[in-house]
>>> print(open('upload.tsv').read())   # TSV, C-alpha atoms
chain	number	residue	atom	x	y	z
A	1	HIS	CA	72.79	-107.21	50.97
A	2	LYS	CA	73.13	-109.39	54.08
A	3	GLU	CA	69.35	-109.71	54.17
A	4	LYS	CA	68.82	-110.52	50.50
A	5	LEU	CA	71.86	-111.42	48.37
A	6	PHE	CA	75.65	-111.70	48.31
A	7	TYR	CA	75.88	-113.31	51.72
A	8	GLY	CA	76.03	-116.77	53.33
A	9	GLU	CA	75.40	-119.46	50.75
A	10	ASN	CA	74.93	-116.88	47.98
A	11	GLN	CA	78.12	-114.85	48.22
A	12	VAL	CA	78.49	-114.62	44.45
A	13	ALA	CA	75.88	-113.22	42.09
A	14	ILE	CA	75.92	-112.59	38.36
A	15	TYR	CA	73.70	-109.86	36.94
A	16	LEU	CA	72.96	-110.91	33.38
A	17	GLN	CA	71.24	-108.59	30.91
A	18	ILE	CA	69.85	-110.44	27.90
A	19	PRO	CA	69.53	-108.43	24.67
A	20	VAL	CA	66.22	-109.32	23.06
A	21	THR	CA	65.15	-107.77	19.77
A	22	ALA	CA	61.58	-107.60	18.51
A	23	ASP	CA	62.06	-110.60	16.23
A	24	LYS	CA	62.99	-112.93	19.11
A	25	ASN	CA	60.88	-114.77	21.64
A	26	LEU	CA	61.60	-113.65	25.19
A	27	ASP	CA	60.88	-116.99	26.84
A	28	GLN	CA	63.08	-118.83	24.36
A	29	GLU	CA	65.94	-116.39	24.92
A	30	ILE	CA	65.68	-116.79	28.68
A	31	GLU	CA	65.73	-120.57	28.36
A	32	THR	CA	68.75	-120.42	26.02
A	33	TRP	CA	70.78	-118.32	28.46
A	34	PHE	CA	69.62	-120.38	31.41
A	35	ASN	CA	70.93	-123.52	29.73
A	36	ARG	CA	74.21	-121.77	28.90
A	37	LEU	CA	74.71	-120.96	32.56
A	38	LEU	CA	74.03	-124.52	33.64
A	39	ALA	CA	76.31	-125.91	30.91
A	40	ALA	CA	79.18	-123.79	32.23
A	41	ASN	CA	79.36	-126.15	35.22
A	42	CYS	CA	80.42	-123.39	37.59
A	43	GLY	CA	78.23	-124.26	40.55
A	44	ILE	CA	75.12	-122.27	39.67
A	45	ASP	CA	72.06	-123.42	41.61
A	46	PRO	CA	69.03	-123.39	39.27
A	47	GLU	CA	66.78	-122.71	42.24
A	48	ALA	CA	68.74	-119.58	43.12
A	49	VAL	CA	68.22	-117.89	39.74
A	50	ILE	CA	66.06	-114.79	40.08
A	51	LEU	CA	64.28	-113.38	37.04
A	52	LEU	CA	64.10	-109.63	37.50
A	53	ASP	CA	60.81	-109.34	35.65
A	54	ASN	CA	59.10	-106.77	37.86
A	55	GLU	CA	59.98	-103.57	39.66
A	56	PRO	CA	60.10	-104.98	43.25
A	57	LYS	CA	62.61	-107.65	42.21
A	58	ARG	CA	64.75	-105.17	40.28
A	59	ARG	CA	64.71	-102.78	43.22
A	60	MET	CA	65.65	-105.58	45.62
A	61	PHE	CA	68.61	-106.58	43.47
A	62	MET	CA	69.90	-103.05	42.93
A	63	GLU	CA	69.52	-102.10	46.58
A	64	SER	CA	71.45	-105.23	47.55
A	65	ARG	CA	74.13	-104.49	44.98
A	66	HIS	CA	74.55	-100.86	45.98
A	67	SER	CA	74.64	-101.67	49.68
A	68	MET	CA	77.93	-103.54	49.24
A	69	PRO	CA	80.15	-100.44	48.82
A	70	ALA	CA	78.22	-98.74	51.62
A	71	ASN	CA	78.88	-101.70	53.89
A	72	ALA	CA	82.55	-101.67	52.89
A	73	LEU	CA	82.73	-98.00	53.89
A	74	GLU	CA	81.33	-98.83	57.32
A	75	VAL	CA	83.91	-101.58	57.78
A	76	ILE	CA	86.82	-99.37	56.76
A	77	GLN	CA	85.66	-96.57	59.04
A	78	GLN	CA	85.70	-99.03	61.92
A	79	HIS	CA	89.27	-99.99	60.96
A	80	GLY	CA	90.31	-96.35	60.77
A	81	THR	CA	92.04	-96.90	57.42
A	82	TYR	CA	90.92	-96.64	53.79
A	83	THR	CA	89.86	-98.91	50.95
A	84	ILE	CA	92.33	-99.99	48.30
A	85	MET	CA	90.50	-100.77	45.06
A	86	THR	CA	91.75	-102.15	41.77
A	87	ASP	CA	90.53	-101.15	38.31
A	88	THR	CA	92.44	-103.73	36.30
A	89	VAL	CA	91.37	-105.51	33.12
A	90	VAL	CA	92.99	-108.55	31.53
A	91	PRO	CA	92.21	-110.40	28.28
A	92	PRO	CA	89.53	-113.12	28.54
A	93	GLU	CA	92.04	-115.92	28.01
A	94	ASN	CA	93.98	-114.77	31.08
A	95	PHE	CA	91.05	-113.89	33.34
A	96	ALA	CA	90.85	-117.21	35.19
A	97	GLU	CA	94.56	-117.08	36.00
A	98	PHE	CA	94.24	-113.53	37.28
A	99	LEU	CA	91.22	-114.37	39.45
A	100	ASN	CA	92.97	-117.33	41.04
A	101	TYR	CA	96.07	-115.24	41.67
A	102	ALA	CA	94.12	-112.35	43.17
A	103	HIS	CA	91.95	-114.39	45.53
A	104	LYS	CA	94.84	-116.50	46.79
A	105	LEU	CA	97.09	-113.49	47.33
A	106	ILE	CA	94.54	-111.54	49.37
A	107	GLU	CA	93.36	-114.53	51.37
A	108	SER	CA	96.93	-115.55	52.21
A	109	GLU	CA	97.31	-112.28	54.11
A	110	GLY	CA	93.97	-112.51	55.91
A	111	ILE	CA	92.69	-109.20	54.55
A	112	ASP	CA	88.95	-108.60	54.29
A	113	TYR	CA	87.83	-107.78	50.77
A	114	LEU	CA	85.02	-107.88	48.29
A	115	SER	CA	84.94	-107.82	44.51
A	116	PHE	CA	82.34	-106.50	42.14
A	117	GLY	CA	82.26	-105.05	38.67
A	118	HIS	CA	81.92	-106.03	35.06
A	119	PHE	CA	82.50	-109.76	34.89
A	120	GLY	CA	81.79	-110.06	31.18
A	121	ASP	CA	84.53	-107.53	30.47
A	122	CYS	CA	87.07	-109.34	32.69
A	123	HIS	CA	87.02	-106.21	34.81
A	124	LEU	CA	86.44	-106.77	38.53
A	125	HIS	CA	87.16	-104.25	41.24
A	126	PHE	CA	88.93	-105.98	44.10
A	127	THR	CA	88.26	-103.81	47.13
A	128	LEU	CA	90.62	-104.44	50.03
A	129	LEU	CA	89.46	-103.48	53.54
A	130	PRO	CA	92.63	-103.64	55.63
A	131	ASP	CA	92.91	-102.90	59.32
A	132	GLN	CA	95.82	-100.85	60.66
A	133	LYS	CA	98.05	-103.89	61.00
A	134	ARG	CA	97.56	-104.99	57.38
A	135	LEU	CA	97.43	-101.61	55.65
A	136	GLN	CA	101.01	-101.71	54.36
A	137	LYS	CA	100.59	-105.28	53.17
A	138	ALA	CA	97.39	-104.32	51.33
A	139	THR	CA	99.30	-101.57	49.52
A	140	GLU	CA	101.95	-104.09	48.51
A	141	ILE	CA	99.26	-106.46	47.26
A	142	TYR	CA	97.84	-103.70	45.07
A	143	ASP	CA	101.27	-103.19	43.49
A	144	LEU	CA	101.56	-106.94	42.87
A	145	PHE	CA	98.15	-106.85	41.19
A	146	ILE	CA	99.38	-104.20	38.77
A	147	THR	CA	102.54	-106.15	37.96
A	148	LYS	CA	100.54	-109.35	37.39
A	149	THR	CA	97.98	-107.53	35.25
A	150	VAL	CA	100.65	-106.14	32.93
A	151	ALA	CA	102.34	-109.56	32.74
A	152	LEU	CA	98.99	-110.96	31.56
A	153	ASP	CA	98.71	-108.33	28.80
A	154	GLY	CA	96.18	-106.29	30.75
A	155	VAL	CA	95.85	-102.67	31.79
A	156	TYR	CA	95.89	-101.06	35.23
A	157	SER	CA	92.79	-98.91	34.68
A	158	GLY	CA	89.70	-100.05	32.86
A	159	GLU	CA	87.39	-97.13	33.48
A	160	HIS	CA	88.52	-94.76	36.24
A	161	GLY	CA	91.56	-93.22	34.59
A	162	THR	CA	95.04	-92.52	35.90
A	163	GLY	CA	94.87	-89.26	37.79
A	164	LYS	CA	97.47	-88.80	40.51
A	165	ARG	CA	97.15	-92.04	42.43
A	166	LYS	CA	97.91	-94.28	39.45
A	167	ARG	CA	100.90	-92.36	38.08
A	168	LYS	CA	103.28	-95.14	39.10
A	169	ASP	CA	100.93	-97.74	37.59
A	170	PHE	CA	101.19	-95.94	34.25
A	171	LEU	CA	104.95	-96.48	34.28
A	172	VAL	CA	104.53	-100.19	34.98
A	173	LEU	CA	102.52	-100.54	31.78
A	174	TYR	CA	104.31	-97.96	29.65
A	175	ASP	CA	107.65	-96.14	30.05
A	176	GLN	CA	109.21	-92.71	30.32
A	177	ALA	CA	109.04	-92.28	26.56
A	178	ALA	CA	105.24	-92.47	26.80
A	179	ILE	CA	105.29	-89.82	29.52
A	180	ASP	CA	107.40	-87.56	27.28
A	181	GLN	CA	104.91	-87.98	24.44
A	182	LEU	CA	102.02	-87.06	26.73
A	183	LYS	CA	103.88	-83.99	27.98
A	184	ALA	CA	104.46	-82.86	24.40
A	185	CYS	CA	100.78	-83.29	23.56
A	186	LYS	CA	99.69	-81.42	26.67
A	187	ALA	CA	102.15	-78.60	26.05
A	188	ALA	CA	100.53	-78.01	22.67
A	189	VAL	CA	97.16	-77.13	24.24
A	190	ASP	CA	98.20	-76.17	27.78
A	191	PRO	CA	101.72	-74.69	27.50
A	192	TYR	CA	101.81	-73.58	31.14
A	193	PHE	CA	100.51	-76.93	32.41
A	194	LEU	CA	97.74	-75.29	34.41
A	195	ILE	CA	94.95	-77.82	33.84
A	196	ASN	CA	94.81	-80.95	36.00
A	197	ARG	CA	98.35	-80.40	37.19
A	198	GLY	CA	99.91	-83.58	38.54
A	199	ASN	CA	97.59	-85.96	36.73
A	200	VAL	CA	99.39	-88.83	34.95
A	201	PHE	CA	102.77	-87.10	35.28
A	202	THR	CA	104.50	-84.39	37.29
A	203	ILE	CA	106.20	-81.31	35.89
>>> encode(input="upload.tsv", output="structure tokens")
Amino acid sequence: HKEKLFYGENQVAIYLQIPVTADKNLDQEIETWFNRLLAANCGIDPEAVILLDNEPKRRMFMESRHSMPANALEVIQQHGTYTIMTDTVVPPENFAEFLNYAHKLIESEGIDYLSFGHFGDCHLHFTLLPDQKRLQKATEIYDLFITKTVALDGVYSGEHGTGKRKRKDFLVLYDQAAIDQLKACKAAVDPYFLINRGNVFTI
């Protein structure tokens, strides 16, 4: 991605898929969406828009996109720590507030990070890349993200589930009564709690 996209003057990219049915004109639809982007007044450079209308361009974009997590893995291996990634979603009306909060909080601690995901769904993965000195602070920032997300009527996990790592996040959003309900449901089909033991709640 450093060679093609998401770097230097083009650190932010939006991948926009335009639904076009047979009864619509492709060129007109492209122009309509292009004008919508410019009207948003969010700093989009018209000259930097790339139309992925052939296989080499699509491959270039996807390779650049997929190289970001790979590059993050290299960075974290050099630090000798691990990535801390969010999966939060907030309602559209609260997305701008959450983004401002998230960026300012991470940057105030000087932690390297990147964010990617599903912008149209208000669902970005903030991926923190802390060194040894900032690892504890990065963990605290993650917890603050969860608290802020819930305060903004969002959820802690948009697509990757709860599992074991997000058990405490579940309790920030819900409560012990919800845990008890889940236990009762699970007991009905898995009375010995043998399947996925430790996911969502402990026995």
>>> closest_residue(input="upload.tsv", among="A:Ala184, A:Met68, A:Tyr15, A:Asp153", to="Glu93 in chain A", atoms="only C-alpha atoms")
A:Asp153
>>> residues_around(input="upload.tsv", residues="Tyr101 in chain A", least_positions_apart="4", cutoff="12 Å", atoms="all atoms listed in the file", output="ChimeraX atom specification")
/A:94-97,105-108,126,141,144-149,152
>>> axis_aligned_box(input="upload.tsv", around="range 194-203 of chain A", padding_each_side="6 Å", output="AutoDock Vina command-line options")
--center_x 100.5 --center_y -82.1 --center_z 36.2 --size_x 23.4 --size_y 25.5 --size_z 16.7
>>> atom_distance(input="upload.tsv", atom1="CA of Glu109 in chain A", atom2="CA of Thr127 in chain A")
14.2 Å
>>> closest_residue(input="upload.tsv", among="A:Ala138, A:Leu194, A:Leu52, A:Ala72", to="Gln17 in chain A", atoms="only C-alpha atoms")
A:Leu52
>>> closest_residue(input="upload.tsv", among="A:Leu38, A:Glu31, A:Gln176, A:Gly154", to="Phe98 in chain A", atoms="all atoms listed in the file")
A:Gly154
>>> closest_residue(input="upload.tsv", among="A:Ile30, A:Ile111, A:Val200, A:Leu16", to="Thr162 in chain A", atoms="all atoms listed in the file")
A:Val200
>>> atom_distance(input="upload.tsv", atom1="CA of Pro130 in chain A", atom2="CA of Ala151 in chain A")
25.6 Å
>>> residues_around(input="upload.tsv", residues="Leu182 in chain A", least_positions_apart="4", cutoff="12 Å", atoms="only C-alpha atoms", output="tab-separated table (two decimals) with C-alpha atoms, in the frame of the given file")
chain	number	residue	atom	x	y	z
A	170	PHE	CA	101.19	-95.94	34.25
A	174	TYR	CA	104.31	-97.96	29.65
A	175	ASP	CA	107.65	-96.14	30.05
A	176	GLN	CA	109.21	-92.71	30.32
A	177	ALA	CA	109.04	-92.28	26.56
A	178	ALA	CA	105.24	-92.47	26.80
A	186	LYS	CA	99.69	-81.42	26.67
A	187	ALA	CA	102.15	-78.60	26.05
A	188	ALA	CA	100.53	-78.01	22.67
A	189	VAL	CA	97.16	-77.13	24.24
A	190	ASP	CA	98.20	-76.17	27.78
A	193	PHE	CA	100.51	-76.93	32.41
A	199	ASN	CA	97.59	-85.96	36.73
A	200	VAL	CA	99.39	-88.83	34.95
A	201	PHE	CA	102.77	-87.10	35.28
A	202	THR	CA	104.50	-84.39	37.29
A	203	ILE	CA	106.20	-81.31	35.89
>>> residues_near_point(input="upload.tsv", point="(84.8, -99.1, 57.4)", cutoff="12 Å", atoms="all atoms listed in the file", output="short mmCIF file (atom, residue, chain, number, x, y, z; two decimals) with C-alpha atoms, in the coordinates of the input")
data_model
loop_
_atom_site.label_atom_id
_atom_site.label_comp_id
_atom_site.auth_asym_id
_atom_site.auth_seq_id
_atom_site.Cartn_x
_atom_site.Cartn_y
_atom_site.Cartn_z
CA MET A 68 77.93 -103.54 49.24
CA PRO A 69 80.15 -100.44 48.82
CA ALA A 70 78.22 -98.74 51.62
CA ASN A 71 78.88 -101.70 53.89
CA ALA A 72 82.55 -101.67 52.89
CA LEU A 73 82.73 -98.00 53.89
CA GLU A 74 81.33 -98.83 57.32
CA VAL A 75 83.91 -101.58 57.78
CA ILE A 76 86.82 -99.37 56.76
CA GLN A 77 85.66 -96.57 59.04
CA GLN A 78 85.70 -99.03 61.92
CA HIS A 79 89.27 -99.99 60.96
CA GLY A 80 90.31 -96.35 60.77
CA THR A 81 92.04 -96.90 57.42
CA TYR A 82 90.92 -96.64 53.79
CA THR A 83 89.86 -98.91 50.95
CA ILE A 84 92.33 -99.99 48.30
CA ASP A 112 88.95 -108.60 54.29
CA TYR A 113 87.83 -107.78 50.77
CA THR A 127 88.26 -103.81 47.13
CA LEU A 128 90.62 -104.44 50.03
CA LEU A 129 89.46 -103.48 53.54
CA PRO A 130 92.63 -103.64 55.63
CA ASP A 131 92.91 -102.90 59.32
CA GLN A 132 95.82 -100.85 60.66
#
>>> atom_distance(input="upload.tsv", atom1="CA of Val12 in chain A", atom2="CA of Phe116 in chain A")
9.3 Å
>>> closest_residue(input="upload.tsv", among="A:Asp87, A:His103, A:Lys183, A:Ile195", to="Gly158 in chain A", atoms="only C-alpha atoms")
A:Asp87
>>> residues_near_point(input="upload.tsv", point="(76.3, -115.8, 24.6)", cutoff="12 Å", atoms="only C-alpha atoms", output="list in words")
Leu16, Gln17, Ile18, Pro19, Glu29, Ile30, Thr32, Trp33, Phe34, Asn35, Arg36, Leu37, Ala39, Ala40 and Gly120 of chain A
>>> closest_residue(input="upload.tsv", among="A:Ser115, A:Gly110, A:Ile14, A:Ala102", to="Arg134 in chain A", atoms="only C-alpha atoms")
A:Gly110
